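Listing of model.cif; format and content: mmCIF, C-alpha atoms and all ligand atoms.
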data_model
#
loop_
_atom_site.label_atom_id
_atom_site.label_comp_id
_atom_site.auth_asym_id
_atom_site.auth_seq_id
_atom_site.Cartn_x
_atom_site.Cartn_y
_atom_site.Cartn_z
CA MET A 1 -0.57 18.86 20.48
CA THR A 2 1.94 19.67 17.74
CA LEU A 3 3.62 16.85 15.90
CA LYS A 4 7.13 17.21 14.64
CA THR A 5 7.46 17.01 10.87
CA PRO A 6 9.10 13.63 10.23
CA PRO A 7 12.72 13.96 9.09
CA GLY A 8 13.02 14.00 5.32
CA THR A 9 9.53 15.37 4.65
CA THR A 10 9.58 17.37 1.44
CA ASP A 11 10.93 20.80 2.16
CA GLN A 12 8.08 23.28 2.40
CA ARG A 13 10.07 25.50 0.06
CA ILE A 14 10.24 22.92 -2.76
CA GLU A 15 6.46 22.73 -2.37
CA SER A 16 6.31 26.52 -2.71
CA LEU A 17 8.50 26.44 -5.82
CA LEU A 18 6.25 23.82 -7.40
CA ALA A 19 3.12 25.76 -6.44
CA LEU A 20 4.58 29.00 -7.83
CA LEU A 21 5.42 27.35 -11.17
CA ALA A 22 2.08 25.50 -11.30
CA ASP A 23 0.14 28.71 -10.62
CA ASN A 24 1.91 30.49 -13.49
CA PRO A 25 2.16 27.75 -16.09
CA THR A 26 2.62 29.96 -19.12
CA ILE A 27 4.87 32.59 -17.56
CA VAL A 28 8.64 32.45 -17.38
CA ILE A 29 9.59 33.32 -13.80
CA SER A 30 13.10 34.53 -13.17
CA GLY A 31 15.33 32.67 -10.74
CA SER A 32 15.73 35.80 -8.66
CA ARG A 33 11.96 36.37 -8.37
CA ILE A 34 11.51 32.75 -7.25
CA ALA A 35 14.36 33.17 -4.79
CA ASP A 36 12.75 36.34 -3.38
CA GLU A 37 9.26 34.89 -3.14
CA ILE A 38 10.39 31.71 -1.43
CA GLY A 39 13.12 33.30 0.62
CA VAL A 40 16.13 31.24 -0.53
CA SER A 41 19.24 31.80 -2.64
CA ARG A 42 19.22 31.49 -6.44
CA SER A 43 21.57 28.53 -6.21
CA ALA A 44 19.05 26.72 -3.96
CA VAL A 45 16.36 27.38 -6.58
CA TRP A 46 18.64 25.86 -9.22
CA ARG A 47 19.30 22.76 -7.06
CA TRP A 48 15.59 22.25 -6.49
CA VAL A 49 14.77 22.67 -10.16
CA LYS A 50 17.29 19.87 -10.81
CA ARG A 51 15.63 17.73 -8.13
CA LEU A 52 12.19 18.35 -9.62
CA ARG A 53 13.50 17.38 -13.06
CA GLU A 54 14.84 14.11 -11.63
CA LEU A 55 11.28 13.42 -10.50
CA GLY A 56 10.02 13.93 -14.03
CA VAL A 57 8.65 17.47 -13.60
CA ARG A 58 9.20 19.24 -16.92
CA VAL A 59 10.67 22.57 -15.87
CA LYS A 60 11.94 24.53 -18.85
CA GLY A 61 14.63 27.20 -18.61
CA GLU A 62 17.89 28.03 -16.91
CA SER A 63 18.90 30.02 -13.91
CA GLY A 64 19.78 33.13 -15.97
CA ALA A 65 16.68 33.15 -18.17
CA GLY A 66 14.01 32.02 -15.71
CA TYR A 67 11.81 28.94 -15.47
CA HIS A 68 8.39 27.71 -16.47
CA LEU A 69 6.52 24.42 -16.50
CA GLU A 70 6.10 22.58 -19.79
CA SER A 71 3.25 20.49 -18.47
CA VAL A 72 1.25 20.01 -15.28
CA PRO A 73 3.59 18.20 -12.91
CA ASP A 74 2.65 14.73 -11.75
CA ILE A 75 4.06 14.99 -8.27
CA LEU A 76 2.00 13.98 -5.24
CA SER A 77 2.85 17.21 -3.50
CA ALA A 78 0.95 18.14 -0.36
CA ALA A 79 0.09 21.59 -1.72
CA MET A 80 -1.52 20.21 -4.89
CA LEU A 81 -3.39 17.49 -2.99
CA ARG A 82 -4.66 19.92 -0.38
CA ARG A 83 -6.02 22.06 -3.19
CA GLY A 84 -7.62 19.15 -5.06
CA LEU A 85 -9.03 17.42 -1.99
CA ARG A 86 -10.37 20.48 -0.19
CA GLY A 87 -12.81 19.43 2.55
CA SER A 88 -11.89 15.76 2.47
CA LEU A 89 -10.71 13.69 5.44
CA PHE A 90 -7.28 13.31 3.85
CA SER A 91 -6.63 16.97 3.02
CA HIS A 92 -5.53 18.20 6.46
CA HIS A 93 -2.43 16.25 7.54
CA ILE A 94 -0.35 15.33 4.52
CA HIS A 95 3.30 14.28 4.81
CA HIS A 96 5.01 14.03 1.44
CA PHE A 97 8.53 12.62 0.99
CA LEU A 98 10.70 12.69 -2.07
CA LYS A 99 12.31 9.58 -0.59
CA THR A 100 11.71 7.57 2.56
CA ASP A 101 12.15 3.99 3.72
CA SER A 102 8.47 3.07 4.03
CA THR A 103 5.34 5.21 4.28
CA ASN A 104 3.83 2.56 6.57
CA ARG A 105 6.78 2.89 8.94
CA VAL A 106 6.43 6.68 8.98
CA ALA A 107 2.66 6.50 9.49
CA PHE A 108 3.10 3.99 12.33
CA ASP A 109 5.49 6.35 14.13
CA LEU A 110 3.21 9.33 13.54
CA ALA A 111 0.25 7.35 14.86
CA HIS A 112 2.14 6.42 18.02
CA ALA A 113 2.95 10.11 18.47
CA GLY A 114 -0.78 10.94 18.34
CA ALA A 115 -1.37 11.90 14.68
CA PRO A 116 -5.10 12.14 13.95
CA GLU A 117 -7.40 10.08 11.77
CA GLY A 118 -7.00 11.12 8.14
CA THR A 119 -3.23 11.60 8.29
CA LEU A 120 -1.79 10.76 4.88
CA VAL A 121 1.83 9.77 4.22
CA LEU A 122 3.13 9.74 0.64
CA ALA A 123 6.45 9.09 -1.01
CA GLU A 124 7.78 9.52 -4.51
CA GLU A 125 10.23 6.71 -3.75
CA GLN A 126 10.63 4.11 -0.96
CA THR A 127 13.92 2.45 -0.17
CA ALA A 128 12.37 -0.29 2.02
CA GLY A 129 8.75 -0.48 0.91
CA LYS A 130 7.04 -3.30 2.82
CA GLY A 131 4.80 -5.95 1.33
CA ARG A 132 2.88 -8.71 3.08
CA ALA A 133 4.69 -11.61 4.70
CA GLY A 134 7.96 -9.69 5.02
CA ARG A 135 8.29 -9.12 1.29
CA ARG A 136 9.68 -5.95 -0.25
CA TRP A 137 7.53 -3.57 -2.29
CA HIS A 138 9.39 -2.36 -5.36
CA SER A 139 8.95 1.45 -5.29
CA GLU A 140 10.50 3.07 -8.36
CA ARG A 141 10.81 6.83 -8.08
CA ALA A 142 7.78 8.83 -9.28
CA ALA A 143 6.37 5.82 -11.14
CA GLY A 144 3.85 4.39 -8.68
CA ILE A 145 1.59 5.49 -5.85
CA TYR A 146 3.01 4.73 -2.41
CA ALA A 147 0.52 5.98 0.16
CA THR A 148 -0.43 5.19 3.75
CA LEU A 149 -3.68 6.30 5.40
CA LEU A 150 -4.03 6.53 9.17
CA LEU A 151 -7.43 5.70 10.65
CA ARG A 152 -8.76 5.55 14.19
CA PRO A 153 -12.08 3.76 13.72
CA ARG A 154 -14.24 2.77 16.70
CA LEU A 155 -14.26 -0.85 15.67
CA SER A 156 -13.36 -4.15 17.22
CA PRO A 157 -9.94 -5.49 16.13
CA VAL A 158 -11.64 -8.49 14.50
CA GLN A 159 -13.16 -6.09 11.97
CA ALA A 160 -9.83 -4.64 10.87
CA PRO A 161 -9.25 -7.17 8.05
CA LEU A 162 -12.45 -5.88 6.44
CA LEU A 163 -10.68 -2.55 5.95
CA THR A 164 -8.16 -4.31 3.69
CA LEU A 165 -10.99 -5.66 1.55
CA LEU A 166 -12.62 -2.22 1.54
CA ALA A 167 -9.39 -0.52 0.47
CA GLY A 168 -9.02 -3.03 -2.38
CA LEU A 169 -12.54 -2.18 -3.56
CA SER A 170 -11.84 1.56 -3.40
CA VAL A 171 -8.57 1.25 -5.34
CA ARG A 172 -10.27 -0.96 -7.91
CA ALA A 173 -13.08 1.56 -8.44
CA ALA A 174 -10.63 4.46 -8.74
CA VAL A 175 -8.49 2.58 -11.29
CA GLU A 176 -11.55 1.67 -13.33
CA ALA A 177 -12.83 5.26 -13.36
CA GLN A 178 -9.44 6.68 -14.29
CA ALA A 179 -7.99 4.13 -16.68
CA GLY A 180 -11.00 2.15 -17.92
CA VAL A 181 -9.67 -1.21 -16.74
CA ALA A 182 -11.03 -3.03 -13.70
CA PRO A 183 -8.48 -5.03 -11.71
CA ASP A 184 -9.41 -8.39 -10.22
CA LEU A 185 -9.16 -8.66 -6.43
CA LYS A 186 -7.33 -11.62 -4.95
CA TRP A 187 -8.18 -12.18 -1.31
CA PRO A 188 -7.16 -10.52 0.87
CA ASN A 189 -5.03 -7.70 -0.55
CA ASP A 190 -3.95 -8.06 -4.16
CA LEU A 191 -5.03 -6.14 -7.25
CA LEU A 192 -4.36 -8.04 -10.46
CA LEU A 193 -4.56 -7.20 -14.14
CA GLY A 194 -4.20 -10.03 -16.62
CA GLY A 195 -3.17 -12.26 -13.71
CA ARG A 196 -0.23 -10.00 -12.81
CA LYS A 197 0.16 -7.86 -9.75
CA LEU A 198 -0.90 -4.25 -10.23
CA GLY A 199 -1.12 -3.26 -6.58
CA GLY A 200 -1.36 -4.40 -3.01
CA ILE A 201 -2.61 -3.29 0.39
CA LEU A 202 -0.70 -3.70 3.63
CA THR A 203 -2.83 -3.08 6.73
CA GLU A 204 -1.14 -2.81 10.11
CA MET A 205 -2.87 -2.24 13.42
CA HIS A 206 -2.28 -1.25 17.01
CA ALA A 207 -5.09 -2.50 19.23
CA GLU A 208 -6.21 -3.42 22.73
CA PRO A 209 -8.23 -6.65 23.09
CA ASN A 210 -11.54 -4.91 22.33
CA ILE A 211 -10.70 -1.68 20.61
CA ILE A 212 -8.57 -0.54 17.73
CA ARG A 213 -6.16 2.28 18.67
CA PHE A 214 -5.20 2.88 15.08
CA VAL A 215 -5.00 1.18 11.73
CA ILE A 216 -2.69 2.14 8.94
CA ILE A 217 -3.53 1.17 5.39
CA GLY A 218 -0.60 1.11 3.01
CA ILE A 219 -1.43 1.17 -0.68
CA GLY A 220 1.09 0.40 -3.40
CA LEU A 221 -0.05 0.80 -7.00
CA ASN A 222 2.03 0.37 -10.15
CA VAL A 223 1.04 3.23 -12.41
CA ASN A 224 3.66 4.38 -14.93
CA GLN A 225 6.41 1.75 -14.66
CA SER A 226 7.51 0.61 -18.10
CA LYS A 227 9.62 -2.26 -16.79
CA PHE A 228 10.31 -4.14 -13.58
CA PRO A 229 13.41 -5.81 -12.15
CA PRO A 230 14.00 -9.34 -13.49
CA ASP A 231 12.51 -11.10 -10.44
CA LEU A 232 9.22 -9.21 -10.87
CA ALA A 233 9.08 -8.92 -14.66
CA ALA A 234 6.88 -12.01 -15.12
CA ILE A 235 4.50 -11.37 -12.22
CA ALA A 236 4.03 -7.59 -12.03
CA THR A 237 2.27 -5.11 -14.28
CA SER A 238 1.47 -1.41 -14.30
CA LEU A 239 -1.40 0.67 -15.66
CA HIS A 240 1.02 1.95 -18.28
CA SER A 241 1.89 -1.58 -19.45
CA ALA A 242 -1.75 -2.66 -19.40
CA THR A 243 -3.25 0.32 -21.23
CA GLY A 244 -0.32 1.50 -23.35
CA ARG A 245 -0.47 5.06 -21.98
CA LYS A 246 0.72 7.07 -19.00
CA HIS A 247 -1.68 8.07 -16.25
CA SER A 248 -1.67 11.01 -13.86
CA ARG A 249 -0.71 9.65 -10.44
CA LEU A 250 -2.02 12.82 -8.85
CA GLU A 251 -5.50 12.48 -10.36
CA LEU A 252 -5.63 8.78 -9.64
CA LEU A 253 -4.59 9.31 -6.03
CA MET A 254 -7.22 12.02 -5.53
CA ARG A 255 -9.92 9.77 -6.95
CA LEU A 256 -8.74 6.91 -4.79
CA LEU A 257 -8.78 8.99 -1.60
CA ARG A 258 -12.26 10.36 -2.29
CA GLN A 259 -13.52 6.88 -3.09
CA PHE A 260 -11.93 5.41 0.03
CA GLU A 261 -13.40 8.12 2.24
CA SER A 262 -16.88 7.51 0.92
CA ASP A 263 -16.53 3.70 1.23
CA TYR A 264 -15.09 4.02 4.74
CA ASN A 265 -17.98 6.24 5.88
CA ARG A 266 -20.45 3.76 4.45
CA PHE A 267 -18.73 0.94 6.32
CA LEU A 268 -18.93 2.89 9.60
CA ARG A 269 -22.58 3.76 8.94
CA GLU A 270 -23.94 0.50 7.57
CA GLY A 271 -21.55 -2.18 8.79
CA PRO A 272 -19.57 -4.70 6.77
CA ALA A 273 -22.17 -6.75 4.84
CA TRP A 274 -21.92 -4.63 1.68
CA VAL A 275 -18.10 -4.83 1.75
CA VAL A 276 -18.25 -8.62 1.79
CA ASP A 277 -20.96 -8.69 -0.89
CA SER A 278 -19.11 -6.25 -3.16
CA PHE A 279 -15.84 -8.12 -2.77
CA GLN A 280 -17.55 -11.39 -3.67
CA SER A 281 -19.21 -9.89 -6.70
CA VAL A 282 -16.01 -8.49 -8.25
CA SER A 283 -13.33 -10.96 -7.18
CA SER A 284 -12.81 -13.99 -9.40
CA PHE A 285 -11.09 -15.63 -6.42
CA ALA A 286 -14.01 -15.53 -4.01
CA GLN A 287 -16.03 -18.43 -5.36
CA GLY A 288 -15.30 -21.58 -7.30
CA LYS A 289 -11.57 -20.98 -7.88
CA ARG A 290 -9.08 -23.80 -7.34
CA VAL A 291 -6.44 -22.40 -5.03
CA ARG A 292 -3.38 -23.35 -3.06
CA VAL A 293 -3.37 -21.94 0.47
CA SER A 294 -0.33 -21.51 2.64
CA ASP A 295 -1.35 -20.28 6.10
CA GLY A 296 2.00 -20.42 7.84
CA ARG A 297 1.28 -23.81 9.44
CA GLU A 298 0.37 -25.93 6.43
CA GLU A 299 -0.25 -25.89 2.70
CA TYR A 300 -3.30 -27.32 1.00
CA THR A 301 -5.37 -27.04 -2.15
CA GLY A 302 -9.09 -26.61 -2.47
CA THR A 303 -11.87 -24.61 -4.09
CA THR A 304 -12.97 -21.22 -2.79
CA ALA A 305 -16.49 -21.07 -1.37
CA GLY A 306 -17.25 -17.41 -0.66
CA LEU A 307 -16.39 -15.14 2.25
CA THR A 308 -17.64 -15.31 5.83
CA ALA A 309 -19.46 -12.29 7.33
CA GLU A 310 -16.11 -11.26 8.86
CA GLY A 311 -14.44 -11.32 5.45
CA GLN A 312 -12.49 -14.56 5.82
CA LEU A 313 -12.07 -16.69 2.71
CA GLN A 314 -13.77 -20.10 2.85
CA VAL A 315 -12.05 -22.96 1.07
CA ARG A 316 -13.48 -26.42 0.48
CA ARG A 317 -10.46 -28.64 0.93
CA GLU A 318 -9.87 -31.76 -1.07
CA ASP A 319 -10.57 -33.86 2.02
CA GLY A 320 -14.11 -32.39 2.05
CA ARG A 321 -13.72 -30.03 5.00
CA THR A 322 -14.58 -26.36 4.52
CA VAL A 323 -12.22 -24.03 6.36
CA ALA A 324 -12.07 -20.25 6.80
CA VAL A 325 -8.65 -18.80 6.03
CA LEU A 326 -7.69 -16.17 8.60
CA SER A 327 -4.53 -15.02 6.94
CA GLY A 328 -2.12 -16.51 4.50
CA ASP A 329 -1.10 -16.69 0.89
CA VAL A 330 -3.63 -17.79 -1.67
CA THR A 331 -2.54 -18.60 -5.21
CA GLU A 332 -4.39 -20.03 -8.15
CA ALA A 333 -3.78 -23.79 -8.35
CA SER A 334 -3.07 -25.28 -11.74
C1 LIG B 401 1.49 -6.44 -0.74
O1 LIG B 401 0.85 -6.66 -1.77
O2 LIG B 401 2.30 -7.26 -0.29
C2 LIG B 401 1.28 -5.14 -0.01
C3 LIG B 401 2.07 -4.04 -0.62
C4 LIG B 401 1.89 -2.72 0.07
C5 LIG B 401 2.87 -1.69 -0.43
C6 LIG B 401 2.58 -0.32 0.10
S1 LIG B 401 3.51 0.95 -0.71
C7 LIG B 401 2.97 2.11 0.46
C8 LIG B 401 2.98 1.42 1.80
N1 LIG B 401 4.29 1.53 2.43
C9 LIG B 401 4.88 0.34 2.53
O3 LIG B 401 6.02 0.16 3.01
N2 LIG B 401 4.10 -0.62 2.04
C10 LIG B 401 2.83 -0.10 1.57
#

Would you encode the structure as structure tokens?
Amino acid sequence: MTLKTPPGTTDQRIESLLALLADNPTIVISGSRIADEIGVSRSAVWRWVKRLRELGVRVKGESGAGYHLESVPDILSAAMLRRGLRGSLFSHHIHHFLKTDSTNRVAFDLAHAGAPEGTLVLAEEQTAGKGRAGRRWHSERAAGIYATLLLRPRLSPVQAPLLTLLAGLSVRAAVEAQAGVAPDLKWPNDLLLGGRKLGGILTEMHAEPNIIRFVIIGIGLNVNQSKFPPDLAAIATSLHSATGRKHSRLELLMRLLRQFESDYNRFLREGPAWVVDSFQSVSSFAQGKRVRVSDGREEYTGTTAGLTAEGQLQVRREDGRTVAVLSGDVTEAS
């Protein structure tokens, strides 16, 4: 089956322009040679160079004199990822957008149309990035990682929430390896640094009673933002703010995808016990933390008491009962 490229996917020819410049980093390439090689007009080349510059790619030169790259571009382009991820599950079906509403929305539509396991949807910018509980995910252009992975695991739907925990662990490991700081994990889907939100996972699923048809795992990670809108300024952070330097989104994403693939295979091979154990060992929220829980029906406070084998958070309530939280918001109680 052939799947239609979703509308708005990065033009194959911008990808070719980027690849041409990246392959010849020290050479000035004339606008007319680029136009010939890619098969477009010189004015289209000029427009795309402008677009790439808006995304922070440092292209030096002018249409008359020719162009070259001043530094390796930090764009999550499909061509560069395919190259860097050769052989990996996520290297075969990559959809990259300069701008889209939500990579989860795109991945969901692709999944319904039959896209295979390993499909990866990326955006430089989202206009309606989705967070949990109907919240928005702030998605500044070319500053963060906005990625959705499509999986078709042969698992029971009750195991799907474990994939959120697993994704959190993979992102945490990739961030630590790349930036030298290890985010805390707040059950079920938050990555925190210094108590502020660095990233989040939004897992959505299509399932029959006993079998998952597909799961999409949306990952939002604040990488190079230097400031946030006023409503987020006190609660969000980025790797740039936390470490004082910029980080390559491309390298971080490649690390993250390799890490996720290896963790996912382990989960399919060995089952979920290690996911639950690992989450408990790195999350300060799993055990002994006073929290406020809002599960949609009621709000209560209590102290966390580890995860169940299915990955639910146990909370010892103030009335002495211990309950397992299926889904809901958990915040640190003062
Ligand atoms: C949360 O913490 O509430 C989850 C945030 C998930 C955001 C990511 S960004 C990429 C993907 N596309 C979306 O629309 N949302 C997720």

Please identify all polymer residues within 8 Å of Leu150 in chain A, counting all atoms listed in the file, omitting same-chain residues fewer than 4 positions from it, and present them as a list in words.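 Those residues are Ala107, Ala111, Pro116, Glu117, Gly118, Thr119, Leu120, Phe214, Val215, Ile216 and Ile217 of chain A.
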
Expected file contents, prior selection, C-alpha atoms, as a PDB file, keeping the file's coordinate frame:
ATOM      1  CA  ALA A 107       2.660   6.500   9.490  1.00  0.00           C
ATOM      2  CA  ALA A 111       0.250   7.350  14.860  1.00  0.00           C
ATOM      3  CA  PRO A 116      -5.100  12.140  13.950  1.00  0.00           C
ATOM      4  CA  GLU A 117      -7.400  10.080  11.770  1.00  0.00           C
ATOM      5  CA  GLY A 118      -7.000  11.120   8.140  1.00  0.00           C
ATOM      6  CA  THR A 119      -3.230  11.600   8.290  1.00  0.00           C
ATOM      7  CA  LEU A 120      -1.790  10.760   4.880  1.00  0.00           C
ATOM      8  CA  PHE A 214      -5.200   2.880  15.080  1.00  0.00           C
ATOM      9  CA  VAL A 215      -5.000   1.180  11.730  1.00  0.00           C
ATOM     10  CA  ILE A 216      -2.690   2.140   8.940  1.00  0.00           C
ATOM     11  CA  ILE A 217      -3.530   1.170   5.390  1.00  0.00           C
TER      12      ILE A 217
END

Enumerate as a ChimeraX atom specification the residues within 7 Å of ligand LIG 401 (chain B), counting all atoms listed in the file. /A:102-105,128-132,135,137,146-148,189-190,199-202,218-220

Selection near Trp46 in chain A, 9 Å with all atoms listed in the file, sequence-local residues under 3 positions removed, as a ChimeraX atom specification: /A:31,41-43,49-51,62-63

Any idea what the distance is between CA of Gln259 in chain A and CA of Ser170 in chain A? 5.6 Å

Within-12 Å shell of (2.3, 6.1, -12.5) in input frame, all atoms listed in the file, as a PyMOL selection string: chain A and resi 55-56+74-76+124-125+139-146+175+178-179+198-199+220-227+237-243+245-253

Min atom-atom distance to Ala79 in chain A from the set A:Ile14, A:Pro183, A:Asp101, A:Ala160, counting only C-alpha atoms, belongs to A:Ile14

Long-range neighbours of Thr26 in chain A as number ranges by chain, 10 Å cut-off, only C-alpha atoms, 4 positions minimum in chain: A: 21-22, 67-71

Contacts of range 85-96 of chain A at 7 Å or less, counting only C-alpha atoms, minus same-chain residues fewer than 6 places along, as a list in words?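 Returned residues: Thr9, Thr10, Ser77, Ala78, Gly118, Thr119, Leu120, Val121, Leu122, Ala123, Met254 and Glu261 of chain A.
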
As an exercise, work out the distance from CA of Gln312 in chain A to CA of Val275 in chain A in Å and give it to one decimal place. 11.9 Å

Work out how far apart CA of Trp274 in chain A and CA of Arg258 in chain A are and give it in Å to one decimal.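 Computing it gives 18.3 Å between the two atoms.
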
Which residue of A:Lys289, A:Arg152, A:Arg255, A:Arg136 approaches Ala177 in chain A most closely, using only C-alpha atoms: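 Ranked by minimum distance to Ala177 in chain A, first place goes to A:Arg255.
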
Could range 165-178 of chain A be completed with N, CA and C atoms and returned as a short mmCIF file (atom, residue, chain, number, x, y, z; two decimals), keeping the file's coordinate frame?
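Produced file result-v2.cif, reproduced below:
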data_model
loop_
_atom_site.label_atom_id
_atom_site.label_comp_id
_atom_site.auth_asym_id
_atom_site.auth_seq_id
_atom_site.Cartn_x
_atom_site.Cartn_y
_atom_site.Cartn_z
N LEU A 165 -10.10 -5.35 2.68
CA LEU A 165 -10.99 -5.66 1.55
C LEU A 165 -11.59 -4.37 0.99
N LEU A 166 -12.02 -3.50 1.93
CA LEU A 166 -12.62 -2.22 1.54
C LEU A 166 -11.64 -1.38 0.72
N ALA A 167 -10.39 -1.32 1.19
CA ALA A 167 -9.39 -0.52 0.47
C ALA A 167 -9.19 -1.09 -0.94
N GLY A 168 -9.17 -2.40 -1.06
CA GLY A 168 -9.02 -3.03 -2.38
C GLY A 168 -10.16 -2.60 -3.30
N LEU A 169 -11.38 -2.59 -2.75
CA LEU A 169 -12.54 -2.18 -3.56
C LEU A 169 -12.41 -0.72 -4.00
N SER A 170 -11.96 0.13 -3.07
CA SER A 170 -11.84 1.56 -3.40
C SER A 170 -10.78 1.77 -4.48
N VAL A 171 -9.64 1.08 -4.34
CA VAL A 171 -8.57 1.25 -5.34
C VAL A 171 -9.07 0.74 -6.70
N ARG A 172 -9.75 -0.40 -6.66
CA ARG A 172 -10.27 -0.96 -7.91
C ARG A 172 -11.20 0.03 -8.61
N ALA A 173 -12.11 0.63 -7.85
CA ALA A 173 -13.08 1.56 -8.44
C ALA A 173 -12.36 2.78 -9.00
N ALA A 174 -11.35 3.27 -8.27
CA ALA A 174 -10.63 4.46 -8.74
C ALA A 174 -9.87 4.15 -10.03
N VAL A 175 -9.24 2.98 -10.08
CA VAL A 175 -8.49 2.58 -11.29
C VAL A 175 -9.45 2.46 -12.47
N GLU A 176 -10.60 1.86 -12.23
CA GLU A 176 -11.55 1.67 -13.33
C GLU A 176 -12.03 3.02 -13.86
N ALA A 177 -12.33 3.95 -12.93
CA ALA A 177 -12.83 5.26 -13.36
C ALA A 177 -11.75 6.03 -14.12
N GLN A 178 -10.52 5.88 -13.69
CA GLN A 178 -9.44 6.68 -14.29
C GLN A 178 -8.91 6.08 -15.58
#
